[in-house]
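Raw contents of input.cif, mmCIF, C-alpha atoms:
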data_input
#
loop_
_atom_site.label_atom_id
_atom_site.label_comp_id
_atom_site.auth_asym_id
_atom_site.auth_seq_id
_atom_site.Cartn_x
_atom_site.Cartn_y
_atom_site.Cartn_z
CA MET A 1 123.13 90.73 137.91
CA ALA A 2 123.19 88.32 134.97
CA VAL A 3 125.25 89.11 131.91
CA ALA A 4 123.80 88.87 128.42
CA GLU A 5 125.13 86.87 125.51
CA LEU A 6 124.20 87.95 121.99
CA SER A 7 124.24 85.46 119.18
CA THR A 8 122.65 85.42 115.74
CA SER A 9 119.93 82.77 115.45
CA CYS A 10 117.76 83.95 112.60
CA THR A 11 117.11 81.97 109.43
CA LYS A 12 115.98 83.02 106.03
CA THR A 13 114.21 80.19 104.16
CA HIS A 14 113.68 80.18 100.43
CA SER A 15 110.14 80.24 99.10
CA SER A 16 108.61 80.49 95.66
CA GLN A 17 105.93 82.77 97.01
CA LEU A 18 107.73 86.00 97.94
CA SER A 19 109.35 88.65 95.78
CA LEU A 20 111.06 91.74 97.11
CA SER A 21 112.22 93.26 93.86
CA SER A 22 110.95 93.20 90.31
CA SER A 23 114.54 93.20 89.17
CA SER A 24 115.46 90.09 91.11
CA SER A 25 114.41 86.49 90.58
CA SER A 26 115.24 85.46 94.15
CA ARG A 27 112.21 84.75 96.34
CA PHE A 28 112.17 84.17 100.03
CA SER A 29 110.39 84.81 103.30
CA HIS A 30 111.77 86.55 106.40
CA HIS A 31 111.73 84.95 109.84
CA PHE A 32 112.64 87.14 112.79
CA ARG A 33 113.13 85.60 116.23
CA ARG A 34 113.73 87.10 119.62
CA SER A 35 114.20 84.52 122.38
CA PHE A 36 115.24 84.95 125.98
CA ARG A 37 117.08 82.85 128.52
CA PRO A 38 119.11 83.76 131.67
CA LEU A 39 122.84 83.14 131.90
CA PRO A 40 125.07 82.60 134.95
CA THR A 41 126.42 85.83 136.41
CA THR A 42 130.05 84.73 136.03
CA ARG A 43 130.11 84.67 132.24
CA ASN A 44 131.57 87.47 130.20
CA PRO A 45 129.50 88.93 127.36
CA THR A 46 130.31 87.40 123.99
CA ILE A 47 129.06 87.84 120.44
CA SER A 48 128.79 84.81 118.19
CA CYS A 49 128.49 85.53 114.46
CA SER A 50 129.43 84.01 111.12
CA VAL A 51 132.08 86.73 110.60
CA ALA A 52 135.41 87.50 112.19
CA SER A 53 135.43 89.43 115.45
CA ASP A 54 136.71 92.59 113.77
CA GLN A 55 133.80 92.48 111.34
CA VAL A 56 131.00 92.39 113.91
CA GLN A 57 128.46 95.14 113.35
CA THR A 58 124.79 95.90 113.79
CA PRO A 59 122.63 93.81 111.39
CA ILE A 60 121.41 95.81 108.41
CA PRO A 61 118.60 95.22 105.91
CA VAL A 62 119.61 92.84 103.15
CA GLN A 63 119.08 94.11 99.63
CA ALA A 64 117.01 91.87 97.35
CA GLN A 65 119.77 91.52 94.75
CA ASP A 66 122.23 90.20 97.38
CA LEU A 67 120.02 87.46 98.75
CA LYS A 68 120.99 84.59 96.50
CA GLY A 69 123.18 82.18 98.38
CA LYS A 70 123.16 84.30 101.54
CA SER A 71 121.42 83.82 104.86
CA GLU A 72 121.91 87.14 106.64
CA CYS A 73 119.18 88.18 109.05
CA TYR A 74 117.31 91.43 109.24
CA GLY A 75 117.29 93.62 112.32
CA VAL A 76 117.07 92.96 116.00
CA PHE A 77 114.70 90.00 115.66
CA CYS A 78 117.61 88.07 114.16
CA LEU A 79 119.38 88.18 117.51
CA THR A 80 119.01 85.96 120.56
CA TYR A 81 118.87 87.94 123.77
CA ASP A 82 119.61 86.64 127.23
CA LEU A 83 117.76 88.74 129.77
CA GLN A 84 118.67 89.16 133.38
CA ALA A 85 117.35 86.25 135.39
CA GLU A 86 115.10 88.46 137.47
CA GLU A 87 113.42 89.77 134.33
CA GLU A 88 112.12 86.35 133.29
CA THR A 89 109.22 86.08 135.69
CA LYS A 90 107.59 82.81 136.58
CA SER A 91 104.17 84.37 135.96
CA TRP A 92 104.73 84.63 132.22
CA LYS A 93 102.55 82.32 130.16
CA LYS A 94 103.43 80.12 127.21
CA LEU A 95 104.05 82.11 124.03
CA ILE A 96 101.09 82.37 121.63
CA ASN A 97 101.23 82.74 117.84
CA ILE A 98 99.13 85.50 116.30
CA ALA A 99 98.81 85.76 112.52
CA VAL A 100 97.69 89.02 110.94
CA SER A 101 96.87 89.49 107.26
CA GLY A 102 96.95 92.92 105.67
CA ALA A 103 99.74 93.58 108.16
CA ALA A 104 101.15 96.57 106.29
CA GLY A 105 97.82 98.41 106.25
CA MET A 106 96.54 101.26 108.41
CA ILE A 107 94.38 99.10 110.70
CA SER A 108 97.31 96.82 111.44
CA ASN A 109 99.55 99.84 112.00
CA HIS A 110 97.43 100.61 115.05
CA LEU A 111 96.66 97.03 116.08
CA LEU A 112 100.09 95.38 116.06
CA PHE A 113 101.55 97.73 118.65
CA LYS A 114 98.60 97.16 120.97
CA ILE A 115 99.19 93.41 120.73
CA ALA A 116 102.96 93.71 121.21
CA SER A 117 102.56 95.99 124.25
CA GLY A 118 100.42 93.49 126.17
CA GLU A 119 97.26 95.57 125.92
CA VAL A 120 95.34 92.79 124.19
CA PHE A 121 96.39 89.47 125.72
CA GLY A 122 97.70 90.78 129.02
CA PRO A 123 100.94 91.99 130.65
CA ASN A 124 102.27 88.47 131.28
CA GLN A 125 101.54 86.96 127.86
CA PRO A 126 104.51 86.78 125.44
CA VAL A 127 103.50 86.83 121.77
CA ALA A 128 104.84 85.91 118.35
CA LEU A 129 103.55 88.02 115.46
CA LYS A 130 103.23 86.32 112.07
CA LEU A 131 102.58 89.02 109.49
CA LEU A 132 101.09 88.34 106.05
CA GLY A 133 101.46 90.82 103.22
CA SER A 134 101.65 90.78 99.44
CA GLU A 135 104.38 91.21 96.85
CA ARG A 136 103.40 94.86 96.56
CA SER A 137 103.52 95.46 100.32
CA ILE A 138 106.59 93.46 101.35
CA GLN A 139 108.86 96.50 101.74
CA ALA A 140 106.19 98.24 103.80
CA LEU A 141 105.97 95.08 105.89
CA GLU A 142 109.70 95.33 106.54
CA GLY A 143 109.04 98.89 107.69
CA VAL A 144 106.43 97.58 110.13
CA ALA A 145 108.99 95.12 111.50
CA MET A 146 111.49 97.94 111.89
CA GLU A 147 109.03 99.96 113.95
CA LEU A 148 108.25 96.94 116.08
CA GLU A 149 111.93 96.37 116.82
CA ASP A 150 112.45 100.07 117.61
CA SER A 151 109.61 99.91 120.15
CA LEU A 152 111.47 97.45 122.44
CA PHE A 153 108.41 95.50 123.54
CA PRO A 154 109.59 92.88 126.07
CA LEU A 155 106.56 90.65 125.40
CA LEU A 156 107.21 90.53 121.66
CA ARG A 157 109.38 87.40 121.33
CA GLU A 158 109.13 86.65 117.62
CA VAL A 159 108.20 88.42 114.40
CA SER A 160 107.99 86.78 110.98
CA ILE A 161 106.83 88.24 107.69
CA GLY A 162 105.90 86.71 104.36
CA ILE A 163 103.38 86.51 101.54
CA ASN A 164 102.65 82.79 101.59
CA PRO A 165 99.71 82.17 103.97
CA TYR A 166 100.62 78.48 104.29
CA GLU A 167 103.94 79.55 105.84
CA VAL A 168 102.78 82.59 107.78
CA PHE A 169 99.81 80.78 109.38
CA GLN A 170 101.99 77.92 110.68
CA ASP A 171 100.83 77.03 114.23
CA ALA A 172 98.77 80.23 114.51
CA GLU A 173 96.46 80.25 117.54
CA TRP A 174 94.77 83.51 116.53
CA ALA A 175 94.26 84.67 112.94
CA LEU A 176 93.20 88.28 112.41
CA LEU A 177 92.26 88.52 108.73
CA ILE A 178 92.29 92.21 107.91
CA GLY A 179 93.61 92.33 104.35
CA ALA A 180 91.04 92.65 101.57
CA LYS A 181 90.65 94.51 98.30
CA PRO A 182 88.79 97.81 98.73
CA ARG A 183 85.81 98.54 96.55
CA GLY A 184 86.81 100.73 93.63
CA PRO A 185 84.78 103.17 91.54
CA GLY A 186 82.20 101.42 89.40
CA MET A 187 82.84 98.03 90.99
CA GLU A 188 79.70 95.92 91.38
CA ARG A 189 79.14 94.46 94.81
CA ALA A 190 78.96 90.97 93.31
CA ASP A 191 82.45 91.49 91.85
CA LEU A 192 83.81 92.52 95.23
CA LEU A 193 82.28 89.43 96.82
CA ASP A 194 84.01 87.24 94.25
CA ILE A 195 87.42 88.98 94.36
CA ASN A 196 87.69 89.06 98.13
CA GLY A 197 86.00 85.70 98.43
CA GLN A 198 88.86 84.11 96.50
CA ILE A 199 91.33 85.66 98.95
CA PHE A 200 89.48 84.25 101.95
CA ALA A 201 88.95 80.85 100.33
CA GLU A 202 92.71 80.53 99.92
CA GLN A 203 93.37 81.78 103.45
CA GLY A 204 90.83 79.29 104.80
CA LYS A 205 92.72 76.47 103.05
CA ALA A 206 96.00 77.75 104.48
CA LEU A 207 94.57 77.89 108.00
CA ASN A 208 93.21 74.38 107.58
CA ALA A 209 96.62 73.10 106.51
CA SER A 210 98.94 75.05 108.78
CA ALA A 211 97.28 76.69 111.79
CA SER A 212 96.58 75.27 115.21
CA PRO A 213 93.45 73.06 114.98
CA ASN A 214 91.71 75.29 117.54
CA VAL A 215 92.77 78.61 115.99
CA LYS A 216 90.38 81.52 116.63
CA VAL A 217 89.70 83.49 113.44
CA ILE A 218 88.41 87.08 113.30
CA VAL A 219 87.57 88.30 109.79
CA VAL A 220 87.77 92.06 109.31
CA GLY A 221 88.15 92.41 105.53
CA ASN A 222 84.83 93.27 103.91
CA PRO A 223 82.27 91.99 103.22
CA CYS A 224 83.30 90.34 106.48
CA ASN A 225 80.25 88.14 107.19
CA THR A 226 80.39 86.31 103.88
CA ASN A 227 84.20 86.32 103.84
CA ALA A 228 84.09 84.58 107.22
CA LEU A 229 81.65 82.00 105.82
CA ILE A 230 83.92 81.35 102.82
CA CYS A 231 86.99 81.05 105.03
CA MET A 232 85.16 78.66 107.36
CA LYS A 233 83.91 76.44 104.54
CA ASN A 234 87.47 76.07 103.26
CA ALA A 235 88.80 75.06 106.67
CA PRO A 236 86.81 71.96 107.65
CA LYS A 237 89.37 70.88 110.28
CA ILE A 238 88.73 74.02 112.33
CA PRO A 239 85.49 74.21 114.38
CA ALA A 240 82.92 76.45 112.68
CA LYS A 241 82.34 78.13 116.03
CA ASN A 242 85.89 79.51 115.93
CA PHE A 243 85.14 81.92 113.07
CA HIS A 244 84.00 85.49 113.75
CA ALA A 245 83.09 88.43 111.52
CA LEU A 246 83.92 91.75 113.15
CA THR A 247 80.82 93.76 114.08
CA ARG A 248 82.27 95.16 117.30
CA LEU A 249 82.95 98.57 115.77
CA ASP A 250 79.23 98.83 114.95
CA GLU A 251 78.41 97.92 118.56
CA ASN A 252 80.83 100.55 119.86
CA ARG A 253 79.33 103.19 117.59
CA ALA A 254 75.84 102.31 118.76
CA LYS A 255 76.85 102.60 122.42
CA CYS A 256 78.38 106.00 121.76
CA GLN A 257 75.22 107.35 120.10
CA LEU A 258 72.98 106.10 122.90
CA ALA A 259 75.29 107.61 125.52
CA LEU A 260 75.26 110.98 123.75
CA LYS A 261 71.49 111.02 123.52
CA ALA A 262 71.02 109.98 127.17
CA GLY A 263 73.68 112.36 128.48
CA VAL A 264 75.76 109.63 130.14
CA PHE A 265 79.24 108.25 129.65
CA TYR A 266 79.34 105.25 127.32
CA ASP A 267 80.38 102.82 130.04
CA GLN A 268 76.79 103.14 131.29
CA VAL A 269 75.46 101.50 128.10
CA SER A 270 75.28 97.69 128.13
CA ASN A 271 73.60 94.74 126.40
CA MET A 272 74.07 96.30 122.98
CA THR A 273 73.54 93.92 120.08
CA ILE A 274 74.23 94.40 116.39
CA TRP A 275 72.14 91.89 114.46
CA GLY A 276 72.91 90.70 110.96
CA ASN A 277 75.30 91.81 108.26
CA HIS A 278 78.08 94.37 108.43
CA SER A 279 76.28 96.56 105.94
CA THR A 280 73.51 99.15 105.99
CA THR A 281 71.05 96.34 106.75
CA GLN A 282 72.70 95.84 110.15
CA VAL A 283 70.28 96.20 113.07
CA PRO A 284 71.45 98.10 116.18
CA ASP A 285 69.14 96.69 118.86
CA PHE A 286 67.82 99.38 121.21
CA LEU A 287 65.03 97.09 122.43
CA ASN A 288 67.35 94.88 124.51
CA ALA A 289 70.06 97.46 125.23
CA ARG A 290 70.27 99.12 128.64
CA ILE A 291 71.43 102.46 130.05
CA LYS A 292 72.38 102.41 133.73
CA GLY A 293 70.65 99.05 133.95
CA LEU A 294 67.34 100.33 132.58
CA PRO A 295 65.84 99.52 129.17
CA VAL A 296 66.88 102.15 126.62
CA LYS A 297 63.27 102.96 125.74
CA GLU A 298 62.63 103.89 129.37
CA VAL A 299 65.59 106.29 129.40
CA ILE A 300 65.24 107.73 125.89
CA LYS A 301 61.57 108.59 125.40
CA ASP A 302 62.03 109.78 121.82
CA HIS A 303 61.24 106.46 120.16
CA LYS A 304 61.11 108.01 116.71
CA TRP A 305 64.74 109.06 117.13
CA LEU A 306 65.63 105.49 118.11
CA GLU A 307 63.91 103.94 115.11
CA GLU A 308 65.10 106.43 112.52
CA GLU A 309 67.99 108.73 113.37
CA PHE A 310 69.84 106.42 115.78
CA THR A 311 69.67 103.42 113.47
CA GLU A 312 70.79 105.40 110.43
CA LYS A 313 73.63 107.09 112.32
CA VAL A 314 75.09 103.74 113.32
CA GLN A 315 74.63 102.24 109.85
CA LYS A 316 76.27 105.18 108.06
CA ARG A 317 78.83 106.31 110.61
CA GLY A 318 81.75 104.98 108.57
CA GLY A 319 80.77 106.98 105.50
CA VAL A 320 80.36 110.19 107.49
CA LEU A 321 83.84 109.70 108.96
CA ILE A 322 85.34 109.31 105.50
CA LYS A 323 83.75 112.57 104.37
CA LYS A 324 85.09 114.38 107.42
CA TRP A 325 88.61 112.94 107.45
CA GLY A 326 89.18 111.65 103.95
CA ARG A 327 90.06 108.14 105.11
CA SER A 328 88.35 105.12 106.61
CA SER A 329 88.20 104.34 110.32
CA ALA A 330 91.49 102.53 110.90
CA ALA A 331 92.20 103.44 114.53
CA SER A 332 88.70 102.73 115.86
CA THR A 333 88.59 99.49 113.86
CA ALA A 334 91.82 98.40 115.54
CA VAL A 335 90.34 99.24 118.94
CA SER A 336 87.24 97.20 118.12
CA ILE A 337 89.42 94.21 117.16
CA VAL A 338 91.07 94.49 120.57
CA ASP A 339 87.63 94.65 122.19
CA ALA A 340 86.49 91.59 120.23
CA ILE A 341 89.50 89.53 121.31
CA ARG A 342 89.27 90.61 124.93
CA SER A 343 85.57 89.72 124.97
CA LEU A 344 86.57 86.14 124.16
CA ILE A 345 89.48 85.85 126.62
CA THR A 346 87.81 87.71 129.51
CA PRO A 347 84.65 86.47 131.26
CA THR A 348 81.62 88.54 130.23
CA SER A 349 80.24 90.71 133.02
CA GLU A 350 77.20 89.25 134.73
CA GLY A 351 74.05 89.96 132.72
CA ASP A 352 75.87 91.66 129.84
CA TRP A 353 76.85 90.45 126.37
CA PHE A 354 78.73 91.48 123.23
CA SER A 355 78.15 91.29 119.47
CA SER A 356 79.99 89.10 117.00
CA GLY A 357 79.25 87.70 113.57
CA VAL A 358 79.15 83.94 114.16
CA TYR A 359 77.86 80.79 112.49
CA THR A 360 74.09 80.46 112.80
CA ASN A 361 73.70 76.67 112.99
CA GLY A 362 71.74 75.82 116.12
CA ASN A 363 70.88 79.43 117.00
CA PRO A 364 67.82 79.94 119.25
CA TYR A 365 66.38 82.92 117.34
CA GLY A 366 64.99 81.26 114.21
CA ILE A 367 67.60 82.90 111.98
CA ALA A 368 68.40 80.93 108.84
CA GLU A 369 71.19 78.41 109.33
CA ASP A 370 74.50 78.15 107.47
CA ILE A 371 75.31 81.86 107.34
CA VAL A 372 77.51 84.14 109.49
CA PHE A 373 75.22 86.55 111.32
CA SER A 374 75.97 89.04 114.08
CA MET A 375 74.25 87.98 117.31
CA PRO A 376 74.59 88.53 121.09
CA CYS A 377 77.28 86.36 122.73
CA ARG A 378 78.69 85.65 126.17
CA SER A 379 82.07 84.12 127.04
CA LYS A 380 83.63 82.45 130.05
CA GLY A 381 86.98 83.89 128.99
CA ASP A 382 88.29 80.68 127.44
CA GLY A 383 88.15 81.88 123.82
CA ASP A 384 84.76 80.23 123.30
CA TYR A 385 81.29 81.77 123.49
CA GLU A 386 77.62 80.92 123.82
CA LEU A 387 74.64 82.68 122.30
CA VAL A 388 72.43 84.70 124.64
CA LYS A 389 68.94 83.27 125.00
CA ASP A 390 67.24 85.86 127.20
CA VAL A 391 66.50 88.48 124.53
CA ILE A 392 63.15 89.85 123.41
CA PHE A 393 61.83 90.76 119.96
CA ASP A 394 59.13 93.01 118.62
CA ASP A 395 57.81 93.45 115.08
CA TYR A 396 60.18 96.36 114.34
CA LEU A 397 63.25 94.33 115.32
CA LEU A 398 62.14 91.12 113.59
CA LYS A 399 61.37 92.90 110.32
CA ARG A 400 64.83 94.40 110.13
CA ILE A 401 66.57 91.19 111.16
CA LYS A 402 64.78 89.39 108.32
CA LYS A 403 65.99 92.01 105.84
CA SER A 404 69.61 91.50 106.88
CA GLU A 405 69.12 87.73 106.82
CA ALA A 406 67.82 87.90 103.23
CA GLU A 407 70.86 89.91 102.19
CA LEU A 408 73.26 87.38 103.68
CA LEU A 409 71.44 84.47 102.06
CA ALA A 410 71.76 86.27 98.71
CA GLU A 411 75.48 86.83 99.31
CA LYS A 412 75.85 83.14 100.13
CA ARG A 413 74.27 82.16 96.79
CA CYS A 414 76.60 84.59 95.05
CA VAL A 415 79.72 82.83 96.38
CA ALA A 416 78.52 79.23 96.17
CA HIS A 417 81.45 78.43 93.86
CA LEU A 418 83.83 79.40 96.71
CA THR A 419 82.11 77.38 99.44
CA GLY A 420 81.82 74.09 97.53
CA GLU A 421 78.08 74.44 97.03
CA GLY A 422 77.80 74.65 93.25
CA ILE A 423 77.76 77.53 90.81
CA GLY A 424 77.48 81.05 92.19
CA PHE A 425 74.36 82.98 91.26
CA CYS A 426 74.05 86.63 92.28
CA ASP A 427 70.59 88.03 92.95
CA LEU A 428 71.56 90.64 95.53
CA PRO A 429 68.43 92.58 96.59
CA GLU A 430 70.12 96.01 96.57
CA ASP A 431 73.48 97.68 97.00
CA THR A 432 73.70 98.02 100.78
CA MET A 433 77.46 97.96 101.29
CA LEU A 434 78.62 100.34 103.96
CA PRO A 435 79.79 103.68 102.55
CA GLY A 436 83.23 102.97 104.00
CA GLU A 437 83.64 100.15 101.48
CA MET A 438 82.78 102.30 98.45
#

Would you encode the structure as structure tokens?
Amino acid sequence: MAVAELSTSCTKTHSSQLSLSSSSSSRFSHHFRRSFRPLPTTRNPTISCSVASDQVQTPIPVQAQDLKGKSECYGVFCLTYDLQAEEETKSWKKLINIAVSGAAGMISNHLLFKIASGEVFGPNQPVALKLLGSERSIQALEGVAMELEDSLFPLLREVSIGINPYEVFQDAEWALLIGAKPRGPGMERADLLDINGQIFAEQGKALNASASPNVKVIVVGNPCNTNALICMKNAPKIPAKNFHALTRLDENRAKCQLALKAGVFYDQVSNMTIWGNHSTTQVPDFLNARIKGLPVKEVIKDHKWLEEEFTEKVQKRGGVLIKKWGRSSAASTAVSIVDAIRSLITPTSEGDWFSSGVYTNGNPYGIAEDIVFSMPCRSKGDGDYELVKDVIFDDYLLKRIKKSEAELLAEKRCVAHLTGEGIGFCDLPEDTMLPGEM
């Protein structure tokens, strides 16, 4: 059996972007690293540190006021571990870098542990988590890192935290942009578009400058369709096709409602599309969806329920959940992010598809170009996708798709100053934000 050598190998680099304490002028960003390599079985265990042997102790959190001139690490991710040779399997893939914004929030609190456990990218895929927070959330972000280290995930090789997106997004191959300002009482929707749009414009620039040129970006922070458009427009080096707005939770909710009505388990529902914006203009498509391989309208004969109650239930599900529980849907949103990623890295089942908010240029449906619109997609499992062509439309579906299209075009005009297309002018048709964003 191989013997392990422990040695500190963590760095703490100074940055003008990060503040841990209002009483301290020192600013920095954390970098945690866990790396693995086998050692010969004949070596004795040693500990290499920058202190005398009688001073060796478990690393402890560094207080903000003590940081100046020091380079101590924080926690277990500051250590270099040497695993037993048999534990480093040849089947493990090359490490991938995953950046997550809003990493101290409730959605991330569910999501990060799914990623670190191997549930998302697979049991043989080591990962590095690059977590972006804010000056207000940096201590909470340290708490997240503490929980990650306490969980002993073997696939989690590196963790870094910071508030500068240009640093955190360095070499990111996936960017999960969750952080956004929630809509407060009395806040106009146009104001929310501008405030969050500025966040995503800056993050787009950071991705363009620092991330892998083929980074896959999933925008969760609302209003996610237009935020994804803003982010994309500010990252011209990254293919427009790589940007997604999360509408998978809406798809999952729609499948659940159809399953309940039909009296089947939800794995029997397929070909579910959410068209349009992640708002109450979204269109859950029961015309193309199937239950046990049959068109929904052949299984559920109550077409009035489909057109009225079903559609409204899906559109307003988030608001109902808030009233019941007093908080937004963090856990199910995290699950839907997992579903969205896995839909891109796993080949789509024959004849099925999934929903994602993607760039409309070149779409086969006649939807206006140059917006981010949820549409049906298929993937070969390589991180890319293609739009599904074999879908049908009727007047009911087309009318509602056009309404959502008009809303997104209005949002685009409202944020023109953030996409490099002139002065923003807001003429939003109505306030259709999901109740969960109120």

Ground truth for the PyMOL selection byres ((chain A and resi 246) around 12), written as number ranges by chain: A: 176-178, 217-228, 243-245, 247-252, 274-279, 333-341, 354-358, 372-375

d(atom CA of Gly143 of chain A, atom CA of Leu112 of chain A) in Å: 12.7 Å

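Take atom CA of Asn242 of chain A and atom CA of Trp353 of chain A: the distance between them is 17.6 Å.
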
Point-to-point distance in Å for atom CA of Gly383 of chain A and atom CA of Thr280 of chain A: 28.8 Å

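Proximity ranking of A:Leu398, A:Ala99, A:Met106, A:Leu148 relative to Asn164 of chain A places A:Ala99 first, based on only C-alpha atoms.
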
Who sits within 9 Å of Asn234 of chain A, all atoms listed in the file, same chain under 6 positions skipped, as a PyMOL selection string: chain A and resi 200-208+418-420

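All residues that come within 10 Å of the coordinates (97.5, 98.1, 109.6), counting only C-alpha atoms, are given as Val100, Ser101, Gly102, Ala103, Ala104, Gly105, Met106, Ile107, Ser108, Asn109, His110, Leu111, Leu112, Phe113, Leu141, Val144, Ile178, Gly179, Ala330, Ala331, Thr333 and Ala334 of chain A.
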
Same residues, C-alpha atoms, output as a JSON list (two decimals), keeping the file's coordinate frame:
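Final output, out21.json:
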[["chain", "number", "residue", "atom", "x", "y", "z"],
["A", 100, "VAL", "CA", 97.69, 89.02, 110.94],
["A", 101, "SER", "CA", 96.87, 89.49, 107.26],
["A", 102, "GLY", "CA", 96.95, 92.92, 105.67],
["A", 103, "ALA", "CA", 99.74, 93.58, 108.16],
["A", 104, "ALA", "CA", 101.15, 96.57, 106.29],
["A", 105, "GLY", "CA", 97.82, 98.41, 106.25],
["A", 106, "MET", "CA", 96.54, 101.26, 108.41],
["A", 107, "ILE", "CA", 94.38, 99.10, 110.70],
["A", 108, "SER", "CA", 97.31, 96.82, 111.44],
["A", 109, "ASN", "CA", 99.55, 99.84, 112.00],
["A", 110, "HIS", "CA", 97.43, 100.61, 115.05],
["A", 111, "LEU", "CA", 96.66, 97.03, 116.08],
["A", 112, "LEU", "CA", 100.09, 95.38, 116.06],
["A", 113, "PHE", "CA", 101.55, 97.73, 118.65],
["A", 141, "LEU", "CA", 105.97, 95.08, 105.89],
["A", 144, "VAL", "CA", 106.43, 97.58, 110.13],
["A", 178, "ILE", "CA", 92.29, 92.21, 107.91],
["A", 179, "GLY", "CA", 93.61, 92.33, 104.35],
["A", 330, "ALA", "CA", 91.49, 102.53, 110.90],
["A", 331, "ALA", "CA", 92.20, 103.44, 114.53],
["A", 333, "THR", "CA", 88.59, 99.49, 113.86],
["A", 334, "ALA", "CA", 91.82, 98.40, 115.54]]

Selection dump of the PyMOL selection byres ((chain A and resi 129) around 12), as a PyMOL selection string: chain A and resi 31-34+77+95-101+103+108+111-117+126-128+130-132+144-145+148-149+155-162+168-176

Based on the selection just made, write C-alpha atoms of those residues as a PDB file, keeping the file's coordinate frame.
ATOM      1  CA  HIS A  31     111.730  84.950 109.840  1.00  0.00           C
ATOM      2  CA  PHE A  32     112.640  87.140 112.790  1.00  0.00           C
ATOM      3  CA  ARG A  33     113.130  85.600 116.230  1.00  0.00           C
ATOM      4  CA  ARG A  34     113.730  87.100 119.620  1.00  0.00           C
ATOM      5  CA  PHE A  77     114.700  90.000 115.660  1.00  0.00           C
ATOM      6  CA  LEU A  95     104.050  82.110 124.030  1.00  0.00           C
ATOM      7  CA  ILE A  96     101.090  82.370 121.630  1.00  0.00           C
ATOM      8  CA  ASN A  97     101.230  82.740 117.840  1.00  0.00           C
ATOM      9  CA  ILE A  98      99.130  85.500 116.300  1.00  0.00           C
ATOM     10  CA  ALA A  99      98.810  85.760 112.520  1.00  0.00           C
ATOM     11  CA  VAL A 100      97.690  89.020 110.940  1.00  0.00           C
ATOM     12  CA  SER A 101      96.870  89.490 107.260  1.00  0.00           C
ATOM     13  CA  ALA A 103      99.740  93.580 108.160  1.00  0.00           C
ATOM     14  CA  SER A 108      97.310  96.820 111.440  1.00  0.00           C
ATOM     15  CA  LEU A 111      96.660  97.030 116.080  1.00  0.00           C
ATOM     16  CA  LEU A 112     100.090  95.380 116.060  1.00  0.00           C
ATOM     17  CA  PHE A 113     101.550  97.730 118.650  1.00  0.00           C
ATOM     18  CA  LYS A 114      98.600  97.160 120.970  1.00  0.00           C
ATOM     19  CA  ILE A 115      99.190  93.410 120.730  1.00  0.00           C
ATOM     20  CA  ALA A 116     102.960  93.710 121.210  1.00  0.00           C
ATOM     21  CA  SER A 117     102.560  95.990 124.250  1.00  0.00           C
ATOM     22  CA  PRO A 126     104.510  86.780 125.440  1.00  0.00           C
ATOM     23  CA  VAL A 127     103.500  86.830 121.770  1.00  0.00           C
ATOM     24  CA  ALA A 128     104.840  85.910 118.350  1.00  0.00           C
ATOM     25  CA  LYS A 130     103.230  86.320 112.070  1.00  0.00           C
ATOM     26  CA  LEU A 131     102.580  89.020 109.490  1.00  0.00           C
ATOM     27  CA  LEU A 132     101.090  88.340 106.050  1.00  0.00           C
ATOM     28  CA  VAL A 144     106.430  97.580 110.130  1.00  0.00           C
ATOM     29  CA  ALA A 145     108.990  95.120 111.500  1.00  0.00           C
ATOM     30  CA  LEU A 148     108.250  96.940 116.080  1.00  0.00           C
ATOM     31  CA  GLU A 149     111.930  96.370 116.820  1.00  0.00           C
ATOM     32  CA  LEU A 155     106.560  90.650 125.400  1.00  0.00           C
ATOM     33  CA  LEU A 156     107.210  90.530 121.660  1.00  0.00           C
ATOM     34  CA  ARG A 157     109.380  87.400 121.330  1.00  0.00           C
ATOM     35  CA  GLU A 158     109.130  86.650 117.620  1.00  0.00           C
ATOM     36  CA  VAL A 159     108.200  88.420 114.400  1.00  0.00           C
ATOM     37  CA  SER A 160     107.990  86.780 110.980  1.00  0.00           C
ATOM     38  CA  ILE A 161     106.830  88.240 107.690  1.00  0.00           C
ATOM     39  CA  GLY A 162     105.900  86.710 104.360  1.00  0.00           C
ATOM     40  CA  VAL A 168     102.780  82.590 107.780  1.00  0.00           C
ATOM     41  CA  PHE A 169      99.810  80.780 109.380  1.00  0.00           C
ATOM     42  CA  GLN A 170     101.990  77.920 110.680  1.00  0.00           C
ATOM     43  CA  ASP A 171     100.830  77.030 114.230  1.00  0.00           C
ATOM     44  CA  ALA A 172      98.770  80.230 114.510  1.00  0.00           C
ATOM     45  CA  GLU A 173      96.460  80.250 117.540  1.00  0.00           C
ATOM     46  CA  TRP A 174      94.770  83.510 116.530  1.00  0.00           C
ATOM     47  CA  ALA A 175      94.260  84.670 112.940  1.00  0.00           C
ATOM     48  CA  LEU A 176      93.200  88.280 112.410  1.00  0.00           C
TER      49      LEU A 176
END

Near-segment 309-315 of chain A list (9 Å; all atoms listed in the file; drop same-chain fewer than 2 positions) as a ChimeraX atom specification: /A:250-251,253-254,257-258,278-286,304-307,317-320,434

Residue members of the PyMOL selection byres ((chain A and resi 345) around 12) in the file shown, as a VMD selection string: chain A and resid 120 to 122 174 216 338 to 344 346 to 348 378 to 385
